[in-house]
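Participant: My structure file start.txt, compact mmCIF, C-alpha atoms, is below:
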# COMPACT_ATOMS: atom_id res chain seq x y z
CA MET J 1 -62.34 12.08 -13.22
CA ARG J 2 -60.90 15.19 -11.56
CA THR J 3 -60.07 13.11 -8.51
CA VAL J 4 -58.21 10.57 -10.64
CA ILE J 5 -56.23 13.31 -12.44
CA SER J 6 -55.29 14.93 -9.14
CA THR J 7 -54.14 11.61 -7.77
CA LEU J 8 -51.99 10.96 -10.85
CA ARG J 9 -50.38 14.38 -10.52
CA VAL J 10 -49.46 13.68 -6.90
CA VAL J 11 -47.98 10.29 -7.83
CA ALA J 12 -45.96 11.89 -10.66
CA ALA J 13 -44.63 14.55 -8.34
CA VAL J 14 -43.56 11.97 -5.78
CA LEU J 15 -41.88 9.87 -8.45
CA GLY J 16 -40.06 12.96 -9.69
CA LEU J 17 -38.67 13.62 -6.23
CA VAL J 18 -37.52 10.02 -5.96
CA VAL J 19 -35.74 10.27 -9.32
CA LEU J 20 -34.05 13.53 -8.32
CA ALA J 21 -32.83 12.00 -5.08
CA ALA J 22 -31.44 8.98 -6.92
CA CYS J 23 -29.64 11.27 -9.39
CA GLY J 24 -27.55 13.13 -6.83
CA GLY J 25 -29.88 14.89 -4.44
CA GLY J 26 -29.71 14.60 -0.67
CA GLY J 27 -29.58 10.79 -0.71
CA GLY J 28 -26.53 10.81 -3.00
CA LYS J 29 -24.64 13.21 -0.74
CA GLU J 30 -25.29 11.00 2.29
CA ALA J 31 -23.97 7.99 0.35
CA ASP J 32 -20.75 9.91 -0.45
CA LEU J 33 -20.20 10.52 3.26
CA GLY J 34 -19.85 6.77 3.73
CA THR J 35 -16.64 6.61 1.68
CA GLY J 36 -13.47 8.65 1.22
CA THR J 37 -10.33 8.45 -0.91
CA LEU J 38 -6.83 7.31 0.05
CA ARG J 39 -3.95 8.54 -2.11
CA VAL J 40 -0.43 7.15 -1.64
CA ALA J 41 2.92 8.45 -2.92
CA LEU J 42 6.54 7.30 -2.50
CA THR J 43 9.62 9.35 -1.60
CA ASP J 44 13.21 8.60 -0.55
CA ALA J 45 16.11 9.68 1.61
CA PRO J 46 19.64 9.60 0.09
CA SER J 47 21.39 6.30 -0.53
CA CYS J 48 24.96 5.48 0.48
CA GLY J 49 27.32 4.54 -2.32
CA PHE J 50 24.79 3.73 -5.05
CA ASP J 51 23.87 5.33 -8.36
CA GLN J 52 20.52 3.50 -8.42
CA VAL J 53 18.34 1.64 -5.96
CA ASN J 54 15.46 0.07 -7.90
CA ILE J 55 12.33 -1.53 -6.51
CA THR J 56 9.37 -2.86 -8.49
CA VAL J 57 6.03 -2.10 -6.85
CA SER J 58 2.96 -4.17 -7.72
CA LYS J 59 0.36 -2.81 -5.25
CA VAL J 60 -0.34 -1.05 -1.98
CA ARG J 61 -2.75 -2.73 0.47
CA VAL J 62 -4.56 -1.28 3.49
CA HIS J 63 -6.55 -2.86 6.32
CA GLN J 64 -8.44 -1.66 9.36
CA SER J 65 -6.74 -4.26 11.59
CA GLY J 66 -3.04 -4.06 12.39
CA ASN J 67 -2.99 -7.84 12.92
CA ALA J 68 -4.66 -8.88 9.66
CA GLY J 69 -2.73 -11.52 7.75
CA GLU J 70 -2.17 -11.67 4.01
CA GLY J 71 -5.21 -13.88 3.40
CA ALA J 72 -7.61 -12.12 5.78
CA ALA J 73 -10.85 -10.62 4.56
CA GLY J 74 -11.19 -6.85 4.45
CA TRP J 75 -8.10 -5.82 2.45
CA SER J 76 -8.40 -2.92 0.01
CA ASP J 77 -5.82 -2.59 -2.77
CA ILE J 78 -4.39 0.33 -4.68
CA GLU J 79 -3.48 -1.10 -8.05
CA ILE J 80 -0.30 0.33 -9.54
CA LYS J 81 -0.40 1.51 -13.15
CA PRO J 82 1.61 0.44 -15.03
CA ASP J 83 1.60 -2.78 -13.04
CA PRO J 84 4.20 -3.55 -11.89
CA ARG J 85 6.24 -0.31 -11.85
CA LYS J 86 10.04 -0.23 -11.49
CA ILE J 87 11.13 2.86 -9.55
CA ASN J 88 14.63 4.21 -8.91
CA LEU J 89 14.36 5.49 -5.35
CA LEU J 90 17.26 7.87 -5.92
CA ASP J 91 15.08 9.89 -8.30
CA LEU J 92 12.85 10.74 -5.33
CA MET J 93 15.01 13.06 -3.21
CA ASN J 94 14.60 16.74 -2.32
CA GLY J 95 10.85 16.43 -1.85
CA VAL J 96 10.13 14.63 -5.16
CA LEU J 97 7.15 12.25 -4.98
CA GLU J 98 6.25 9.22 -7.07
CA GLU J 99 2.46 8.92 -7.21
CA LEU J 100 1.46 5.28 -6.67
CA GLY J 101 -2.30 5.69 -6.99
CA GLN J 102 -5.52 6.06 -5.05
CA THR J 103 -8.67 4.15 -4.12
CA ARG J 104 -12.06 4.67 -2.49
CA LEU J 105 -12.40 3.27 1.04
CA PRO J 106 -15.22 2.99 3.57
CA ALA J 107 -14.96 5.77 6.13
CA GLY J 108 -13.28 4.68 9.36
CA SER J 109 -9.94 4.02 11.04
CA TYR J 110 -7.18 2.01 9.36
CA THR J 111 -4.04 0.69 11.03
CA GLN J 112 -2.06 -1.35 8.50
CA ILE J 113 -0.41 -0.59 5.16
CA ARG J 114 1.52 -3.06 3.01
CA LEU J 115 3.80 -2.15 0.12
CA VAL J 116 3.94 -5.21 -2.16
CA LEU J 117 7.02 -5.68 -4.35
CA GLU J 118 7.37 -7.89 -7.39
CA ARG J 119 9.48 -10.96 -6.70
CA ASN J 120 12.95 -11.28 -8.22
CA THR J 121 12.03 -14.70 -9.56
CA VAL J 122 9.76 -13.00 -12.09
CA ARG J 123 12.60 -11.03 -13.67
CA PRO J 124 16.30 -11.19 -12.67
CA LEU J 125 16.62 -7.44 -12.02
CA THR J 126 13.12 -6.67 -10.77
CA ASN J 127 14.69 -5.19 -7.64
CA SER J 128 18.30 -4.10 -8.08
CA VAL J 129 21.14 -1.75 -7.15
CA VAL J 130 23.83 -0.02 -9.16
CA PRO J 131 26.87 0.56 -6.94
CA THR J 132 28.61 3.86 -7.69
CA GLY J 133 30.67 3.30 -10.84
CA GLY J 134 29.52 -0.34 -11.11
CA ALA J 135 27.03 -2.50 -12.96
CA GLU J 136 23.41 -3.28 -12.04
CA GLN J 137 23.11 -6.20 -9.61
CA PRO J 138 20.14 -8.06 -8.15
CA LEU J 139 18.79 -6.86 -4.82
CA GLU J 140 17.73 -9.93 -2.88
CA THR J 141 14.35 -9.38 -1.21
CA PRO J 142 13.07 -11.17 1.91
CA SER J 143 10.17 -13.59 1.59
CA ALA J 144 8.02 -11.02 3.41
CA VAL J 145 7.80 -8.85 0.29
CA GLN J 146 5.60 -11.52 -1.30
CA SER J 147 2.84 -10.58 1.14
CA GLY J 148 3.92 -6.94 1.38
CA ILE J 149 6.25 -4.87 3.53
CA LYS J 150 4.14 -4.24 6.61
CA LEU J 151 3.75 -0.79 8.18
CA ASN J 152 1.61 -0.24 11.26
CA HIS J 153 0.29 3.26 10.69
CA THR J 154 -3.03 4.56 11.98
CA PHE J 155 -5.03 6.94 9.79
CA THR J 156 -8.67 7.91 9.39
CA ILE J 157 -10.70 8.02 6.19
CA GLU J 158 -13.47 10.61 6.36
CA GLY J 159 -16.54 10.59 4.17
CA ASN J 160 -16.20 12.43 0.87
CA LYS J 161 -12.63 13.58 1.72
CA LEU J 162 -9.13 12.84 0.40
CA HIS J 163 -6.49 11.45 2.75
CA ASP J 164 -2.85 11.55 1.64
CA ILE J 165 0.01 9.33 2.81
CA VAL J 166 3.66 9.50 1.73
CA LEU J 167 5.78 6.36 2.13
CA ASP J 168 9.38 7.36 2.89
CA PHE J 169 11.49 4.41 1.67
CA ASP J 170 14.92 4.99 3.21
CA ALA J 171 17.23 3.41 0.63
CA CYS J 172 20.40 4.04 2.65
CA ARG J 173 19.16 2.11 5.69
CA SER J 174 17.40 -0.53 3.59
CA ILE J 175 20.40 -1.90 1.67
CA VAL J 176 22.69 -4.48 3.28
CA ARG J 177 26.09 -5.13 1.70
CA ARG J 178 26.99 -8.76 2.28
CA GLY J 179 30.47 -10.18 2.71
CA ASN J 180 30.00 -12.38 -0.39
CA GLY J 181 29.51 -9.32 -2.61
CA THR J 182 25.72 -9.53 -2.90
CA TYR J 183 23.10 -7.05 -1.72
CA GLY J 184 20.01 -7.65 0.37
CA LEU J 185 16.93 -5.58 1.15
CA LYS J 186 16.08 -4.84 4.79
CA PRO J 187 13.15 -2.46 4.25
CA VAL J 188 13.06 0.71 6.35
CA ILE J 189 9.90 2.67 5.52
CA LYS J 190 7.99 5.37 7.35
CA ALA J 191 4.46 6.60 6.62
CA LEU J 192 4.28 10.40 6.66
CA PRO J 193 1.50 12.93 6.13
CA ARG J 194 1.65 14.66 2.75
CA THR J 195 2.30 18.32 3.36
CA GLN J 196 4.08 21.28 1.76
CA THR J 197 5.69 22.04 5.13
CA GLU J 198 9.43 22.15 4.44
CA ILE J 199 12.89 23.25 5.50
CA VAL J 200 15.06 24.59 2.68
CA GLY J 201 18.48 26.11 2.25
CA THR J 202 21.70 26.22 0.25
CA VAL J 203 25.14 24.80 0.96
CA ASP J 204 28.53 25.78 -0.44
CA LEU J 205 29.08 24.16 -3.85
CA ALA J 206 32.71 23.46 -2.91
CA LEU J 207 31.50 20.78 -0.47
CA THR J 208 31.25 17.16 -1.61
CA GLY J 209 29.38 14.20 -0.20
CA VAL J 210 26.88 16.48 1.51
CA VAL J 211 23.94 14.99 3.45
CA VAL J 212 21.34 17.20 5.14
CA SER J 213 18.91 15.82 7.72
CA ALA J 214 16.07 17.11 9.87
CA GLN J 215 16.22 15.37 13.23
CA LYS J 216 14.11 15.18 16.35
CA ASP J 217 15.72 14.06 19.62
CA GLY J 218 18.58 12.50 17.67
CA GLU J 219 16.33 10.56 15.27
CA VAL J 220 16.50 11.30 11.56
CA ILE J 221 13.04 12.33 10.34
CA ARG J 222 13.87 13.49 6.80
CA GLU J 223 17.16 13.36 4.93
CA THR J 224 18.32 14.53 1.51
CA VAL J 225 21.27 15.69 -0.59
CA PRO J 226 21.62 19.09 -2.30
CA ASN J 227 20.98 19.47 -6.01
CA SER J 228 23.53 20.63 -8.58
CA VAL J 229 23.36 24.26 -7.41
CA GLY J 230 23.62 23.44 -3.71
CA GLU J 231 19.94 23.77 -2.83
CA PHE J 232 18.21 21.25 -0.58
CA VAL J 233 14.59 20.60 0.36
CA LEU J 234 13.48 18.62 3.42
CA ARG J 235 9.84 17.76 2.67
CA PRO J 236 7.40 16.54 3.85
CA ILE J 237 8.02 17.68 7.42
CA ASP J 238 5.43 17.07 10.13
CA PRO J 239 4.66 20.44 11.77
CA ALA J 240 3.39 18.63 14.88
CA GLN J 241 7.02 17.75 15.76
CA SER J 242 8.40 21.29 15.40
CA PRO J 243 11.11 22.40 16.06
CA TYR J 244 13.81 20.28 14.39
CA ASP J 245 17.60 20.12 14.52
CA VAL J 246 19.12 20.26 11.02
CA THR J 247 22.46 18.46 10.59
CA ILE J 248 24.83 18.92 7.65
CA THR J 249 27.74 16.57 6.98
CA ALA J 250 30.27 16.53 4.12
CA THR J 251 33.37 14.62 3.10
CA ASP J 252 36.50 15.67 5.08
CA HIS J 253 34.70 18.50 6.87
CA ALA J 254 33.40 19.09 10.35
CA THR J 255 29.67 18.74 11.00
CA ALA J 256 27.29 21.73 11.21
CA VAL J 257 24.10 21.72 13.30
CA VAL J 258 21.28 24.26 13.19
CA ALA J 259 19.28 23.86 16.39
CA ALA J 260 15.59 24.52 17.03
CA VAL J 261 14.44 25.13 13.45
CA PRO J 262 10.70 25.90 13.60
CA VAL J 263 8.20 24.78 10.97
CA VAL J 264 4.63 25.93 10.39
CA SER J 265 2.00 23.92 8.54
CA GLU J 266 2.15 24.36 4.74
CA MET J 267 4.93 26.95 5.06
CA THR J 268 8.64 27.09 4.13
CA THR J 269 11.37 27.66 6.70
CA ARG J 270 14.65 28.79 5.12
CA ILE J 271 17.94 28.36 7.01
CA SER J 272 20.35 29.74 4.38
CA THR J 273 20.32 31.54 1.04
CA THR J 274 22.14 31.37 -2.28
CA ALA J 275 23.91 34.60 -1.39
CA THR J 276 25.13 33.20 1.95
CA PRO J 277 25.24 29.38 1.68
CA ILE J 278 26.24 27.26 4.65
CA SER J 279 29.92 26.30 4.49
CA LEU J 280 31.54 23.76 6.82
CA PRO J 281 34.94 24.26 8.45
CA PRO J 282 37.70 22.33 6.66
CA SER J 283 39.16 19.50 8.70
CA GLY J 284 42.79 18.94 9.53
CA SER J 285 44.83 15.91 8.51
CA PRO J 286 43.59 13.33 9.16
CA ALA J 287 40.03 14.57 8.79
CA THR J 288 38.40 11.36 9.99
CA HIS J 289 38.89 8.26 12.05
CA MET J 290 37.05 4.96 11.90
CA VAL J 291 35.13 2.90 14.43
CA SER J 292 34.53 -0.72 13.45
CA GLY J 293 33.62 -4.05 14.98
CA ASN J 294 31.21 -6.96 14.98
CA VAL J 295 27.60 -7.46 15.97
CA THR J 296 26.66 -10.84 17.39
CA PRO J 297 24.83 -13.25 17.53
CA ALA J 298 24.23 -14.01 13.85
CA ALA J 299 20.45 -13.72 14.21
CA ALA J 300 20.88 -10.17 15.53
CA ALA J 301 23.49 -9.26 12.91
CA ALA J 302 20.99 -10.02 10.13
CA LEU J 303 18.74 -7.27 11.52
CA ALA J 304 21.23 -4.84 13.04
CA GLY J 305 22.03 -1.24 12.24
CA VAL J 306 24.81 0.77 13.86
CA ARG J 307 24.75 4.55 14.17
CA ALA J 308 26.92 7.31 15.60
CA PRO J 309 25.10 10.04 17.57
CA GLN J 310 27.09 13.04 18.85
CA ALA J 311 26.30 15.69 21.47
CA VAL J 312 26.76 19.17 20.01
CA GLY J 313 26.61 22.02 22.51
CA GLY J 314 23.13 22.26 23.97
CA VAL J 315 21.79 19.65 21.54
CA PRO J 316 21.93 16.32 23.44
CA GLN J 317 22.49 14.27 20.29
CA VAL J 318 22.30 14.30 16.52
CA GLU J 319 22.99 11.32 14.29
CA ILE J 320 26.16 11.81 12.23
CA ALA J 321 26.31 8.46 10.39
CA TYR J 322 24.52 5.12 10.07
CA VAL J 323 25.36 1.75 8.53
CA ASN J 324 23.75 -1.68 8.40
CA ALA J 325 25.84 -4.50 9.80
CA ASP J 326 26.79 -7.16 7.26
CA ASP J 327 23.92 -9.63 7.61
CA THR J 328 26.19 -12.67 7.19
CA THR J 329 29.36 -11.69 9.09
CA GLY J 330 28.03 -9.03 11.48
CA THR J 331 30.86 -6.61 10.67
CA TYR J 332 30.38 -2.85 10.45
CA SER J 333 32.49 0.29 10.08
CA LEU J 334 31.75 4.01 10.35
CA THR J 335 34.07 6.79 9.18
CA LEU J 336 33.50 9.93 11.26
CA PRO J 337 34.85 13.51 11.33
CA ILE J 338 37.15 14.22 14.27
CA ASP J 339 37.22 18.03 14.21
CA ALA J 340 34.88 20.05 16.40
CA PRO J 341 31.34 20.44 15.02
CA VAL J 342 29.84 23.90 14.70
CA LEU J 343 26.47 24.95 16.08
CA ALA J 344 23.97 27.74 15.38
CA THR J 345 20.53 28.25 16.89
CA TYR J 346 17.94 29.26 14.31
CA ALA J 347 17.15 32.96 14.31
CA LEU J 348 16.22 35.70 11.86
CA PRO J 349 17.53 37.57 10.03
CA LEU J 350 19.81 35.22 8.11
CA PRO J 351 22.67 34.35 7.80
CA LEU J 352 23.12 32.21 10.89
CA THR J 353 26.18 32.52 13.08
CA PHE J 354 27.99 29.26 13.87
CA ALA J 355 30.27 28.63 16.85
CA SER J 356 32.77 25.79 17.32
CA GLU J 357 31.91 23.18 19.95
CA SER J 358 35.42 21.97 20.80
CA VAL J 359 34.30 19.70 23.64
CA SER J 360 32.52 17.47 21.11
CA ALA J 361 35.53 16.94 18.84
CA GLY J 362 35.95 13.23 18.09
CA GLN J 363 33.46 12.19 20.80
CA TYR J 364 30.68 9.82 19.78
CA THR J 365 28.18 7.35 21.18
CA ILE J 366 28.06 4.22 19.04
CA GLU J 367 24.66 2.52 19.12
CA ALA J 368 23.76 -0.96 17.85
CA ALA J 369 20.08 -1.88 17.48
CA ALA J 370 18.10 -4.77 16.00
CA THR J 371 14.41 -5.55 16.08
CA GLY J 372 13.66 -7.83 19.03
CA TYR J 373 16.96 -7.11 20.79
CA VAL J 374 18.02 -4.70 23.53
CA THR J 375 19.77 -1.64 22.05
CA GLN J 376 23.37 -1.22 23.22
CA THR J 377 25.52 1.93 23.31
CA ALA J 378 29.17 2.67 23.94
CA ALA J 379 31.14 5.94 24.13
CA VAL J 380 34.18 6.17 21.86
CA ASP J 381 36.95 8.76 21.53
CA LEU J 382 38.18 9.04 17.94
CA LEU J 383 40.17 12.23 18.34
CA SER J 384 43.59 10.60 18.14
CA ALA J 385 43.04 7.13 16.65
CA ASP J 386 40.63 4.61 15.17
CA ALA J 387 38.59 2.52 17.59
CA THR J 388 37.10 -0.97 17.76
CA LYS J 389 33.80 -1.71 19.43
CA ASP J 390 31.99 -5.06 19.34
CA PHE J 391 28.36 -5.56 20.38
CA ALA J 392 26.80 -8.77 21.70
CA LEU J 393 23.08 -8.09 21.57
CA VAL J 394 20.63 -9.89 23.84
CA LEU J 395 16.99 -10.65 23.19
CA ALA J 396 14.52 -8.14 24.56
CA PRO J 397 12.43 -9.44 27.45
Spit out the file's structure as C-alpha cells when you get a sec.

Facilitator:
Amino acid sequence: MRTVISTLRVVAAVLGLVVLAACGGGGGKEADLGTGTLRVALTDAPSCGFDQVNITVSKVRVHQSGNAGEGAAGWSDIEIKPDPRKINLLDLMNGVLEELGQTRLPAGSYTQIRLVLERNTVRPLTNSVVPTGGAEQPLETPSAVQSGIKLNHTFTIEGNKLHDIVLDFDACRSIVRRGNGTYGLKPVIKALPRTQTEIVGTVDLALTGVVVSAQKDGEVIRETVPNSVGEFVLRPIDPAQSPYDVTITATDHATAVVAAVPVVSEMTTRISTTATPISLPPSGSPATHMVSGNVTPAAAAALAGVRAPQAVGGVPQVEIAYVNADDTTGTYSLTLPIDAPVLATYALPLPLTFASESVSAGQYTIEAAATGYVTQTAAVDLLSADATKDFALVLAP
C-alpha cells in the first residue's frame, strides 16, 4: 500500500509540472520566441497645391519573399479597423502618425510589404483630392492597387519582440495632374524605421509657401511644412544616415541650406529657435523663372518625374523642387528662385550664420527620371530668363 501511495504522489507531482509548463512556464516562453509582432503606421510629406489627398486603406500585407505574387501562399495580413479607413494624408505631416494596426508573425526575415487600397469602383470618392480652393475630385488609382502597392523592404521579426515600420506616403510626388483635368495616383512610398530621432526648428512667420526637407546626397529623405507658429518637425529620421542637409524654400525667397546636420538615435537636433527663427533673404523682381518642356516617349511620360537639384557652396546638390510630368501629354514646368541661395554649416551654439552663395544664383541641373528608363540631366541657367528643356528618355539596358 505504501508503495502504491508513493507512486501516486510521484505521478501527481509530474502531472503538476506538466500543467505548470503548459500554463506559461518554460515551454510557454520558448513558444513566444517563435513569433514576434509587426506594427505599421502611415505618415506623409507635404502635398503640392491640395487641401486634401485622401486614400482608403483596406489592409497591409507582408511576405517573406520579395517575388511573391498576390495569390501566393504565405501572406500575412494586418486588418485595418475600421475597414476600410479613409485617411487624409495631409493630416500626417510634422511627424504625425496614423496607426494602421499590428499582427503576430513567425520570427524570420521578410522582404515584401503591400499597402492595399480600396478600389474607386466601390465608392466614387474612395480615393480623392481636393485642389486648393476647389471641390473634391476622384483620384484615379492604377490597377496595381487591387493587389496592393508593392514595397520591397527587408526587415526581421524577432521572437517575442515588437518591430515597427512607418510607411511614408509622399502625396506630392504621388499625384499626377492630367491635361484633361483629372488626377491620377502614381504611388511613391518609402518604408522607414519608427524612431523619435528628429530634426526640429522654427522659421519666420512672415514666410509663405515654406517647405523644409532633410536630404542625403541630394535625395529628399523627409519633408514637411511648418505649423501655424512656424515650427517644423522632420521625423522619423534614420540615424544611420547622419548627417543630413536641411533645405528650406519659400514663395518669392531665396533658398536656405543647413549643411551637415547631425542626428543621434532617439534624440532631437534643433537648428533654430522661436527667439531666432530662420528667415530667408527676400528676392528681387522677378523672384523666379520657369523651366518647362516635354518628356517623351508617352510610355516614359506616364512614369516620369522631373526635379531641380542645385549645388550650394560645398554641398554638391540639394533638391529645390519636384514635379510629376503630365502622364498623358508629358509636359512639365518648375518655377525656381533665381537669387543666390544662402548656406550655413550646422554648429552650436545657435543661431546659425548664413552666407550668400552667389555662384549658384539661377543655376540648376534639371533631371528627368522614370522607372525602367535611363535618367537624363541637363544644366540650365535661369538667372536672366525662362528656359525650355525637353527630355527623350531611353529604356534602361

Participant: Rounded to one decimal, what separation in Å do you get between atom CA of J:Val200 and atom CA of J:Arg270?

Facilitator: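 Taking atom CA of J:Val200 as the start and atom CA of J:Arg270 as the end point, the length is 4.9 Å.
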
Participant: Taking (7.9, 9.9, -5.8) in the file's own coordinates, collect the residues within 9 Å, counting all atoms listed in the file, and hand them back as a list in words.

Facilitator: Ala41, Leu42, Thr43, Asp44, Ile87, Leu89, Asp91, Leu92, Met93, Gly95, Val96, Leu97, Glu98, Glu99, Leu100, Val166 and Leu167 of chain J

Participant: Of the candidates J:Asp51, J:Glu231, J:Asp252, J:Asp326, which shows the shortest atom-to-atom distance to J:Ala135, using all atoms listed in the file?

Facilitator: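 Ranked by minimum distance to J:Ala135, first place goes to J:Asp51.
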
Participant: What is the distance between atom CA of J:Thr371 and atom CA of J:Tyr322, in Å to one decimal?

Facilitator: 15.9 Å

Participant: Please report the interatomic distance between atom CA of J:Cys172 and atom CA of J:Met290 in Å with one decimal.

Facilitator: 19.1 Å

Participant: Taking all atoms listed in the file into account, name the residue in J:Thr255, J:Thr328, J:Thr269, J:Thr276 that is nearest to J:Ser356.

Facilitator: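 The answer is J:Thr255, which sits nearest to J:Ser356.
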
Participant: Measuring between all atoms listed in the file, which one of J:Leu205, J:Ile113, J:Val211, J:Ala68 shows the shortest distance to J:Lys190?

Facilitator: J:Ile113

Participant: Which residue is closest to J:Ala72? Choose from J:Thr37, J:Ser147, J:Ile366, J:Lys86 and count only C-alpha atoms.

Facilitator: J:Ser147

Participant: Given 5 Å of margin on each side, can you work out the centre and size in Å (one decimal) of an axis-aligned box holding every listed atom of stretch 155-161 of chain J, as lines of an AutoDock Vina configuration file?

Facilitator:
center_x = -10.8
center_y = 10.3
center_z = 5.3
size_x = 21.5
size_y = 16.6
size_z = 18.9

Participant: Quick one: everything within 9 Å of J:Ala321, counting only C-alpha atoms, minus sequence neighbours fewer than 3 positions away in the same chain. Send it as a PyMOL selection string.

Facilitator: chain J and resi 249+306-309+334-336

Participant: Give as a VMD selection string each residue that has an atom at most 8 Å from (5.9, 21.6, 3.5) in the file, counting all atoms listed in the file.

Facilitator: chain J and resid 195 to 199 235 to 237 265 to 268

Participant: Complete the atom set of stretch 287-312 of chain J to N, CA and C atoms and return it as a tab-separated table (two decimals), in the coordinates of the input.

Facilitator:
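Result saved to selection-v8.tsv:
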chain	number	residue	atom	x	y	z
J	287	ALA	N	41.33	13.96	8.58
J	287	ALA	CA	40.03	14.57	8.79
J	287	ALA	C	39.07	13.65	9.52
J	288	THR	N	39.32	12.34	9.43
J	288	THR	CA	38.40	11.36	9.99
J	288	THR	C	39.15	10.24	10.68
J	289	HIS	N	38.45	9.54	11.54
J	289	HIS	CA	38.89	8.26	12.05
J	289	HIS	C	37.74	7.28	11.94
J	290	MET	N	38.04	6.01	12.12
J	290	MET	CA	37.05	4.96	11.90
J	290	MET	C	36.77	4.21	13.20
J	291	VAL	N	35.51	3.86	13.40
J	291	VAL	CA	35.13	2.90	14.43
J	291	VAL	C	34.55	1.69	13.71
J	292	SER	N	34.99	0.50	14.12
J	292	SER	CA	34.53	-0.72	13.45
J	292	SER	C	34.42	-1.83	14.48
J	293	GLY	N	33.78	-2.93	14.07
J	293	GLY	CA	33.62	-4.05	14.98
J	293	GLY	C	32.66	-5.08	14.44
J	294	ASN	N	32.12	-5.89	15.34
J	294	ASN	CA	31.21	-6.96	14.98
J	294	ASN	C	29.96	-6.91	15.84
J	295	VAL	N	28.84	-7.30	15.24
J	295	VAL	CA	27.60	-7.46	15.97
J	295	VAL	C	27.27	-8.94	16.01
J	296	THR	N	27.04	-9.45	17.19
J	296	THR	CA	26.66	-10.84	17.39
J	296	THR	C	25.42	-10.88	18.28
J	297	PRO	N	24.69	-12.01	18.29
J	297	PRO	CA	24.83	-13.25	17.53
J	297	PRO	C	24.41	-13.06	16.08
J	298	ALA	N	24.53	-14.11	15.28
J	298	ALA	CA	24.23	-14.01	13.85
J	298	ALA	C	22.80	-13.60	13.59
J	299	ALA	N	21.87	-14.08	14.41
J	299	ALA	CA	20.45	-13.72	14.21
J	299	ALA	C	20.25	-12.23	14.39
J	300	ALA	N	20.98	-11.62	15.32
J	300	ALA	CA	20.88	-10.17	15.53
J	300	ALA	C	21.58	-9.42	14.41
J	301	ALA	N	22.73	-9.93	13.96
J	301	ALA	CA	23.49	-9.26	12.91
J	301	ALA	C	22.67	-9.10	11.64
J	302	ALA	N	21.81	-10.08	11.35
J	302	ALA	CA	20.99	-10.02	10.13
J	302	ALA	C	20.00	-8.87	10.17
J	303	LEU	N	19.73	-8.33	11.37
J	303	LEU	CA	18.74	-7.27	11.52
J	303	LEU	C	19.34	-5.96	11.97
J	304	ALA	N	20.63	-5.94	12.29
J	304	ALA	CA	21.23	-4.84	13.04
J	304	ALA	C	21.65	-3.65	12.18
J	305	GLY	N	21.47	-2.47	12.77
J	305	GLY	CA	22.03	-1.24	12.24
J	305	GLY	C	22.86	-0.59	13.32
J	306	VAL	N	23.91	0.11	12.90
J	306	VAL	CA	24.81	0.77	13.86
J	306	VAL	C	24.89	2.24	13.47
J	307	ARG	N	24.70	3.13	14.45
J	307	ARG	CA	24.75	4.55	14.17
J	307	ARG	C	25.65	5.27	15.16
J	308	ALA	N	25.99	6.52	14.79
J	308	ALA	CA	26.92	7.31	15.60
J	308	ALA	C	26.30	8.65	15.96
J	309	PRO	N	25.57	8.75	17.09
J	309	PRO	CA	25.10	10.04	17.57
J	309	PRO	C	26.25	10.83	18.22
J	310	GLN	N	26.09	12.16	18.24
J	310	GLN	CA	27.09	13.04	18.85
J	310	GLN	C	26.36	14.17	19.57
J	311	ALA	N	26.81	14.51	20.77
J	311	ALA	CA	26.30	15.69	21.47
J	311	ALA	C	26.99	16.91	20.91
J	312	VAL	N	26.21	17.95	20.58
J	312	VAL	CA	26.76	19.17	20.01
J	312	VAL	C	26.22	20.36	20.80
